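Structure record follows, encoded as structure tokens.
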Amino acid sequence: MRGEPSILHVDLDAMFAAVEQRDKVSLRGRPVVVGGVAGRGVVSTASYEARAFGVRSAMPMAQARRRCPPGTAYLSPRFAAYKRTSQVVMALLAEVTPLVEQVSIDEAYLDLTAGDHDLTPHGVTELGLRLKRDIADATGGVTGSIGAASSKLLAKIGSELRKPDGLTVVTPGEELTVLHPLPVGALGGVGPATEQRLHRAGVRSVGDLARIPLDDLVDWFGVAHGNGLFRLARAEDNRPVVSEREAKSVSAEETFDVDLADPARLNRELDLLAARVAGRLKAGGLTGRTVNIKVRHPDFTTVTRAVTRDQPTDDGRLVAQMARRLLAEVDTSGGVRLLGVGVSTLADFAQDDLFSTGLLDGFFTSLPEHFAGPASSPEHFAGPASSPEPVMSAAGEPDLGAAAVALAGGDAEAASGDESTSGDGSASGVTPAVGVAAPATGVAPIPVWRPGQDVLHDEHGAGWVWGSGLGRVTVRFEGPHTPPGPVRTFAVDDLRLHPADPPDWRLAP
DNA sequence: TCTGGGGTCCTAGGACCC
DNA sequence: TCTGGGGTCCTAGGACCC
């Protein structure tokens, strides 16, 4: 274990709800519940005002509605907006240290030993306070809570202790004092099932857990989990902060508003799910050998089926065909509540092929971040879906243009499940989505324009970003509701932040 | 109007191989 | 006839996380 509190855990407070309250003044101070607002939806995030009424993440939305008073706002998620805010924050974190592990859209670990910092408790406290200020400034008021400690375990617990907008530095030597009074459920990896089992054994606090012999824990929970609990209860945690992780699977699933039993309809749904999965595989330059399906019955029992092929694929039709065969093995006569399709045992052959062709030489090196847009040769990129521009493709090779656009964020909305918002009639298609490459020191972040996804506004309407290069961005004035217009080029200097909405970019008049 | 969607990791049993 | 044993791959299910 480290001798300094050199691991930070940064957690944005009720992020989805906070972004909504930031973007809409009338929501501030009111209970806001973000999640699936219709049918079988659940709560993604509740604002602190809504939490006062007992609303929690993963609670059925119907239950949240029963708990909250009139005047509560129930909102579908706007993933593009959350992602923008997330990118602003992650860019800030990358300035602190190169070793950042993004855990989710609103959470990350930082290893401060990879940067040049004063690692005394005082120094880390100063850094945490500064970082909190920077986050709130850069996001237009979304706050984060920070924990600093000698391990991931304690850093995460630290960030929870004083939420929202809190900072806790656990000084080395103090770990067990902080840890042992907490309920066992506060440990990462202790969910409802583990907690129940521990309660039955009379274990309620982490301190109680620390008195249970290793053999008992292994008996109850298996080797891996038992050993894990034994160590965590003693604050023994040397998990490193890891910045890049390879994806292990890609999947898509859907819970239907009403249970489906018609086999033809189920097969069609399977095809759509397979196409979504394949699209995201292609976007990530991935292929996989195993196709999985998931079927949830009306009584919530869930079965999975899988087949593994010799050769990996990213072909949606092939995935669909395999999925249909698997579905035929499952009894669906009683109706289906949820259907899912996944691909695992991934290989990155497609990506390897792209690299080995040399076609991408110089492309990635020009990207400041893994999710940034193109920084050169905009003419090589396909524009919006309606683009007439052919994309280059070596014979028989994966489609570079498609991959490049996807890497530039073209599939970001599908990847984050944004389709769930498409039904609410909001103009999600014209929501600007700005990728952040690297923040200018101390001031507004520099946007990276993503062709086919980002939208710029001027007084006449919205236009898709067509391409971008150093110091300029081209915009085609063609939105989902407007006919194709001219492509115009603007200097980046002519773009400015719209005062009403920090991440929203406008063309200067 | 009970229970989303995208993931990760672990376990256990069977097949198969040496 | 009284049947080893380790390693790896595959499938199904479950717990957990955000």
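Ordering of the structure tokens sets the chain letters (A, B, ...); residue numbers start at 1 within each chain; ligands are numbered from 1 in the order shown.
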
Counting only C-alpha atoms (C1' of nucleotides), which residues from chain A have an atom at most 9 Å from any atom of chain C, and could you show them as a CSV table (one decimal) with C-alpha atoms, in the first residue's frame?
chain,number,residue,atom,x,y,z
A,103,VAL,CA,-14.9,4.1,-15.0
A,104,SER,CA,-18.0,5.5,-16.5
A,105,ILE,CA,-19.5,8.6,-18.0
A,106,ASP,CA,-19.3,10.4,-14.6
A,107,GLU,CA,-16.5,8.8,-12.7
A,188,GLY,CA,-17.3,-2.2,-3.9
A,189,GLY,CA,-18.4,-5.7,-4.8
A,190,VAL,CA,-20.9,-6.1,-2.0
A,191,GLY,CA,-24.3,-6.0,-3.6
A,192,PRO,CA,-27.7,-7.1,-2.3
A,193,ALA,CA,-26.9,-10.8,-2.4
A,194,THR,CA,-23.6,-10.6,-0.6
A,302,THR,CA,-33.7,-14.9,-17.9
A,303,VAL,CA,-31.9,-17.4,-20.1
A,304,THR,CA,-28.9,-17.0,-22.4
A,305,ARG,CA,-27.7,-19.0,-25.3
A,306,ALA,CA,-24.4,-18.8,-27.1
A,307,VAL,CA,-22.5,-20.2,-30.0
A,308,THR,CA,-18.9,-19.7,-30.9

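Coordinates place CA of Leu99 in chain A at a distance of 16.8 Å from CA of Ser86 in chain A.
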
Discussion item. If I take CA of Gly147 in chain A and CA of Glu160 in chain A, how far is one from the other in Å, to one decimal?
Written reply: 7.5 Å

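Distance annotation: of A:Glu244, A:Asp315, A:Glu236, A:Asp262, the residue with the minimal separation from Val100 in chain A is A:Glu244; atom set is only C-alpha atoms.
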